[in-house]
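**Student:** Below are the structure tokens for one structure; questions will follow.
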Amino acid sequence: MDPCDTRAQQPEVVEVPQGEKSVVLPFKTTADLPENVTVEWTLTEPKQMKVHVYESGNNQPVKQDQGYRGRTEMDEDPLRTGNFSLTLKDLHLTDSGVYTCTVYNKDGHKLLQKSVILSVRVNKVEAVEVPEGEGSVLLAFKTTADLLQAVTVEWTQQHEGTGAKNRNV
């Protein structure tokens, strides 16, 4: 199987609750790679952004989108260890998306590629007591994140102890 054939590989899914300090987007390889490679982590969905660039043996913060500067880390010697995993720090809900790591040779030819779906989720459950016969109830939802992209809020209902599945409300 061609390691660059992304159609043959399902993206790995990484879920993390909001409030976590960091998350690792995994990518380890045993491939024998040349010395002068460029490693690019990009956000490919919902929009295209350079998240982290490693080339000529060094991280290249000037080549990454400003929103990720100071928030990403890779192994100090990824070629030796085969570990191209990316640590993303100071997580936001808006960090959710599809991240793709591509390894290029010095001529710009793609050698390896892997996609990871990151889901930063709100994982907070609050009990709301409602007196029987009450006509309505307010279910509050507040966010501190700057929602710079289109988001969808979906309410679900789960009946405790019944084994009933969630349903949209």
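In the structure tokens, each chain is lettered A, B, ... as it comes, each chain's residues begin at 1, and ligands are numbered from 1 in order of appearance.
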Could you name the residues that touch Ser119 in chain A at 9 Å or less, counting only C-alpha atoms, but leaving out those on the same chain fewer than 4 positions away, as a list in words?

**Tutor:** Val13, Val14, Glu15, Val16, Pro17, Leu93, Asp95, Ser96, Gly97 and Val98 of chain A

**Student:** May I have the selected residues written with C-alpha atoms, as a compact mmCIF listing (two decimals), in the first residue's frame?

**Tutor:**
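Writing the result to out10.txt gives the following:
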# COMPACT_ATOMS: atom_id res chain seq x y z
CA VAL A 13 -10.07 10.43 15.34
CA VAL A 14 -8.82 12.15 18.50
CA GLU A 15 -11.43 13.43 20.96
CA VAL A 16 -10.55 15.70 23.84
CA PRO A 17 -12.74 17.63 26.28
CA LEU A 93 -13.34 24.61 20.63
CA ASP A 95 -9.35 23.86 17.06
CA SER A 96 -11.70 21.04 16.03
CA GLY A 97 -11.15 19.96 12.43
CA VAL A 98 -9.15 17.78 10.08

**Student:** List every residue of chain A that DSSP, applied to the backbone of this structure, assigns to alpha helix (DSSP H), and report them as a PyMOL selection string.

**Tutor:** chain A and resi 78-81

**Student:** So that I have them on file, write out the residues from the current selection with N, CA, C and O atoms, as a PDB file, in the first residue's frame.

**Tutor:**
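What follows is the written file selection32.pdb:
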ATOM      1  N   PRO A  78      12.609  14.410  14.737  1.00  0.00           N
ATOM      2  CA  PRO A  78      11.595  13.485  14.203  1.00  0.00           C
ATOM      3  C   PRO A  78      12.146  12.503  13.171  1.00  0.00           C
ATOM      4  O   PRO A  78      11.640  11.386  13.070  1.00  0.00           O
ATOM      5  N   LEU A  79      13.163  12.870  12.436  1.00  0.00           N
ATOM      6  CA  LEU A  79      13.723  11.942  11.453  1.00  0.00           C
ATOM      7  C   LEU A  79      14.375  10.737  12.121  1.00  0.00           C
ATOM      8  O   LEU A  79      14.236   9.610  11.662  1.00  0.00           O
ATOM      9  N   ARG A  80      15.056  10.973  13.225  1.00  0.00           N
ATOM     10  CA  ARG A  80      15.714   9.878  13.938  1.00  0.00           C
ATOM     11  C   ARG A  80      14.685   8.982  14.630  1.00  0.00           C
ATOM     12  O   ARG A  80      14.783   7.760  14.593  1.00  0.00           O
ATOM     13  N   THR A  81      13.676   9.599  15.254  1.00  0.00           N
ATOM     14  CA  THR A  81      12.705   8.832  16.046  1.00  0.00           C
ATOM     15  C   THR A  81      11.535   8.303  15.207  1.00  0.00           C
ATOM     16  O   THR A  81      10.842   7.390  15.642  1.00  0.00           O
TER      17      THR A  81
END

**Student:** Would you work out the distance separating CA of Gln66 in chain A from CA of Val122 in chain A, expressed in Å to one decimal?

**Tutor:**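 About the pair CA of Gln66 in chain A and CA of Val122 in chain A: they are 24.7 Å apart.
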
**Student:** Report the closest atom pair, with its distance in Å rounded to one decimal, for each residue of range 82-141 of chain A that has an atom no farther than 8 Å from range 28-51 of chain A; count only C-alpha atoms, sort by chain and then rising residue number, and write it as a tab-separated table.

**Tutor:**
residue	atom	partner	partner_atom	distance
A:Gly82	CA	A:Thr29	CA	5.0
A:Asn83	CA	A:Lys28	CA	4.5
A:Phe84	CA	A:Lys28	CA	5.8
A:Ser85	CA	A:Lys28	CA	6.5
A:Leu86	CA	A:Trp41	CA	7.8
A:Gly97	CA	A:Glu45	CA	5.4
A:Val98	CA	A:Glu45	CA	5.0
A:Tyr99	CA	A:Leu43	CA	4.4
A:Thr100	CA	A:Thr42	CA	5.3
A:Cys101	CA	A:Trp41	CA	4.3
A:Thr102	CA	A:Glu40	CA	5.3
A:Val103	CA	A:Val39	CA	4.6
A:Tyr104	CA	A:Thr38	CA	5.1
A:Asn105	CA	A:Val37	CA	4.6
A:Lys106	CA	A:Asn36	CA	5.7

**Student:** Could the residues in this selection be saved with all heavy atoms as a CSV table (one decimal), in the first residue's frame?

**Tutor:**
chain,number,residue,atom,x,y,z
A,82,GLY,N,11.3,8.9,14.0
A,82,GLY,CA,10.1,8.5,13.2
A,82,GLY,C,8.8,9.0,13.8
A,82,GLY,O,7.7,8.6,13.5
A,83,ASN,N,8.9,10.0,14.7
A,83,ASN,CA,7.8,10.5,15.4
A,83,ASN,C,7.5,11.9,14.9
A,83,ASN,O,8.1,12.9,15.3
A,83,ASN,CB,8.0,10.5,16.9
A,83,ASN,CG,6.7,10.9,17.7
A,83,ASN,OD1,5.7,11.2,17.1
A,83,ASN,ND2,6.8,10.8,19.0
A,84,PHE,N,6.4,12.0,14.0
A,84,PHE,CA,6.0,13.3,13.5
A,84,PHE,C,4.8,13.8,14.2
A,84,PHE,O,4.1,14.7,13.7
A,84,PHE,CB,5.8,13.2,12.0
A,84,PHE,CG,7.0,12.8,11.2
A,84,PHE,CD1,7.1,11.5,10.7
A,84,PHE,CD2,8.0,13.7,11.1
A,84,PHE,CE1,8.3,11.2,10.0
A,84,PHE,CE2,9.2,13.3,10.4
A,84,PHE,CZ,9.3,12.1,9.8
A,85,SER,N,4.5,13.2,15.3
A,85,SER,CA,3.3,13.6,16.1
A,85,SER,C,3.4,15.1,16.5
A,85,SER,O,4.5,15.6,16.7
A,85,SER,CB,3.1,12.8,17.4
A,85,SER,OG,3.0,11.4,17.0
A,86,LEU,N,2.2,15.8,16.5
A,86,LEU,CA,2.2,17.2,16.9
A,86,LEU,C,1.4,17.4,18.2
A,86,LEU,O,0.3,16.8,18.4
A,86,LEU,CB,1.5,18.0,15.8
A,86,LEU,CG,1.4,19.5,16.0
A,86,LEU,CD1,2.8,20.1,15.7
A,86,LEU,CD2,0.4,20.1,15.1
A,97,GLY,N,-11.3,20.0,13.9
A,97,GLY,CA,-11.2,20.0,12.4
A,97,GLY,C,-10.3,18.8,12.0
A,97,GLY,O,-9.9,17.9,12.7
A,98,VAL,N,-10.0,18.8,10.7
A,98,VAL,CA,-9.1,17.8,10.1
A,98,VAL,C,-7.7,18.4,9.9
A,98,VAL,O,-7.5,19.4,9.2
A,98,VAL,CB,-9.7,17.3,8.7
A,98,VAL,CG1,-8.8,16.3,8.1
A,98,VAL,CG2,-11.1,16.8,8.9
A,99,TYR,N,-6.8,17.7,10.5
A,99,TYR,CA,-5.4,18.1,10.4
A,99,TYR,C,-4.6,17.0,9.6
A,99,TYR,O,-4.9,15.8,9.8
A,99,TYR,CB,-4.7,18.1,11.8
A,99,TYR,CG,-5.3,19.3,12.7
A,99,TYR,CD1,-6.5,19.2,13.3
A,99,TYR,CD2,-4.5,20.4,12.8
A,99,TYR,CE1,-7.0,20.2,14.1
A,99,TYR,CE2,-5.0,21.5,13.6
A,99,TYR,CZ,-6.2,21.4,14.2
A,99,TYR,OH,-6.7,22.4,15.0
A,100,THR,N,-3.8,17.5,8.7
A,100,THR,CA,-3.1,16.6,7.8
A,100,THR,C,-1.6,16.9,7.9
A,100,THR,O,-1.1,18.1,7.8
A,100,THR,CB,-3.5,16.8,6.3
A,100,THR,OG1,-4.9,16.5,6.3
A,100,THR,CG2,-2.8,15.8,5.4
A,101,CYS,N,-0.8,15.8,8.2
A,101,CYS,CA,0.6,15.9,8.2
A,101,CYS,C,1.2,15.4,6.9
A,101,CYS,O,0.9,14.2,6.5
A,101,CYS,CB,1.2,15.1,9.4
A,101,CYS,SG,3.0,15.3,9.5
A,102,THR,N,2.0,16.2,6.2
A,102,THR,CA,2.6,15.7,5.0
A,102,THR,C,4.1,15.9,5.1
A,102,THR,O,4.6,16.9,5.5
A,102,THR,CB,2.1,16.6,3.8
A,102,THR,OG1,0.6,16.6,3.8
A,102,THR,CG2,2.5,16.0,2.5
A,103,VAL,N,4.8,14.8,4.6
A,103,VAL,CA,6.3,14.8,4.6
A,103,VAL,C,6.7,14.9,3.2
A,103,VAL,O,6.3,14.0,2.4
A,103,VAL,CB,6.8,13.6,5.3
A,103,VAL,CG1,8.4,13.6,5.3
A,103,VAL,CG2,6.3,13.5,6.8
A,104,TYR,N,7.5,15.9,2.8
A,104,TYR,CA,8.0,16.1,1.5
A,104,TYR,C,9.5,16.0,1.4
A,104,TYR,O,10.2,16.3,2.4
A,104,TYR,CB,7.7,17.6,1.0
A,104,TYR,CG,6.3,18.0,1.0
A,104,TYR,CD1,5.7,18.7,2.1
A,104,TYR,CD2,5.5,17.7,-0.1
A,104,TYR,CE1,4.4,19.1,2.1
A,104,TYR,CE2,4.1,18.1,-0.1
A,104,TYR,CZ,3.6,18.8,1.0
A,104,TYR,OH,2.3,19.2,1.0
A,105,ASN,N,10.0,15.5,0.3
A,105,ASN,CA,11.5,15.5,0.1
A,105,ASN,C,11.9,16.9,-0.3
A,105,ASN,O,11.1,17.8,-0.5
A,105,ASN,CB,11.9,14.4,-0.8
A,105,ASN,CG,11.5,14.6,-2.3
A,105,ASN,OD1,11.0,15.7,-2.6
A,105,ASN,ND2,11.7,13.6,-3.1
A,106,LYS,N,13.2,17.1,-0.5
A,106,LYS,CA,13.8,18.4,-0.8
A,106,LYS,C,13.2,18.9,-2.2
A,106,LYS,O,13.3,20.1,-2.4
A,106,LYS,CB,15.3,18.4,-0.8
A,106,LYS,CG,15.9,17.5,-1.9
A,106,LYS,CD,17.4,17.6,-1.8
A,106,LYS,CE,17.9,16.6,-2.9
A,106,LYS,NZ,19.2,16.7,-3.3

**Student:** Can you pull out the residues contacting Lys21 in chain A? Cut-off 10 Å, using only C-alpha atoms, and skip same-chain residues under 5 positions away; I want them as a ChimeraX atom specification.

**Tutor:** /A:16,88-92

**Student:** Determine the nearest neighbour of Asp77 in chain A from the options A:Glu55, A:Gln64, A:Leu25, A:Thr156, counting only C-alpha atoms.

**Tutor:**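 Nearest to Asp77 in chain A: A:Glu55.
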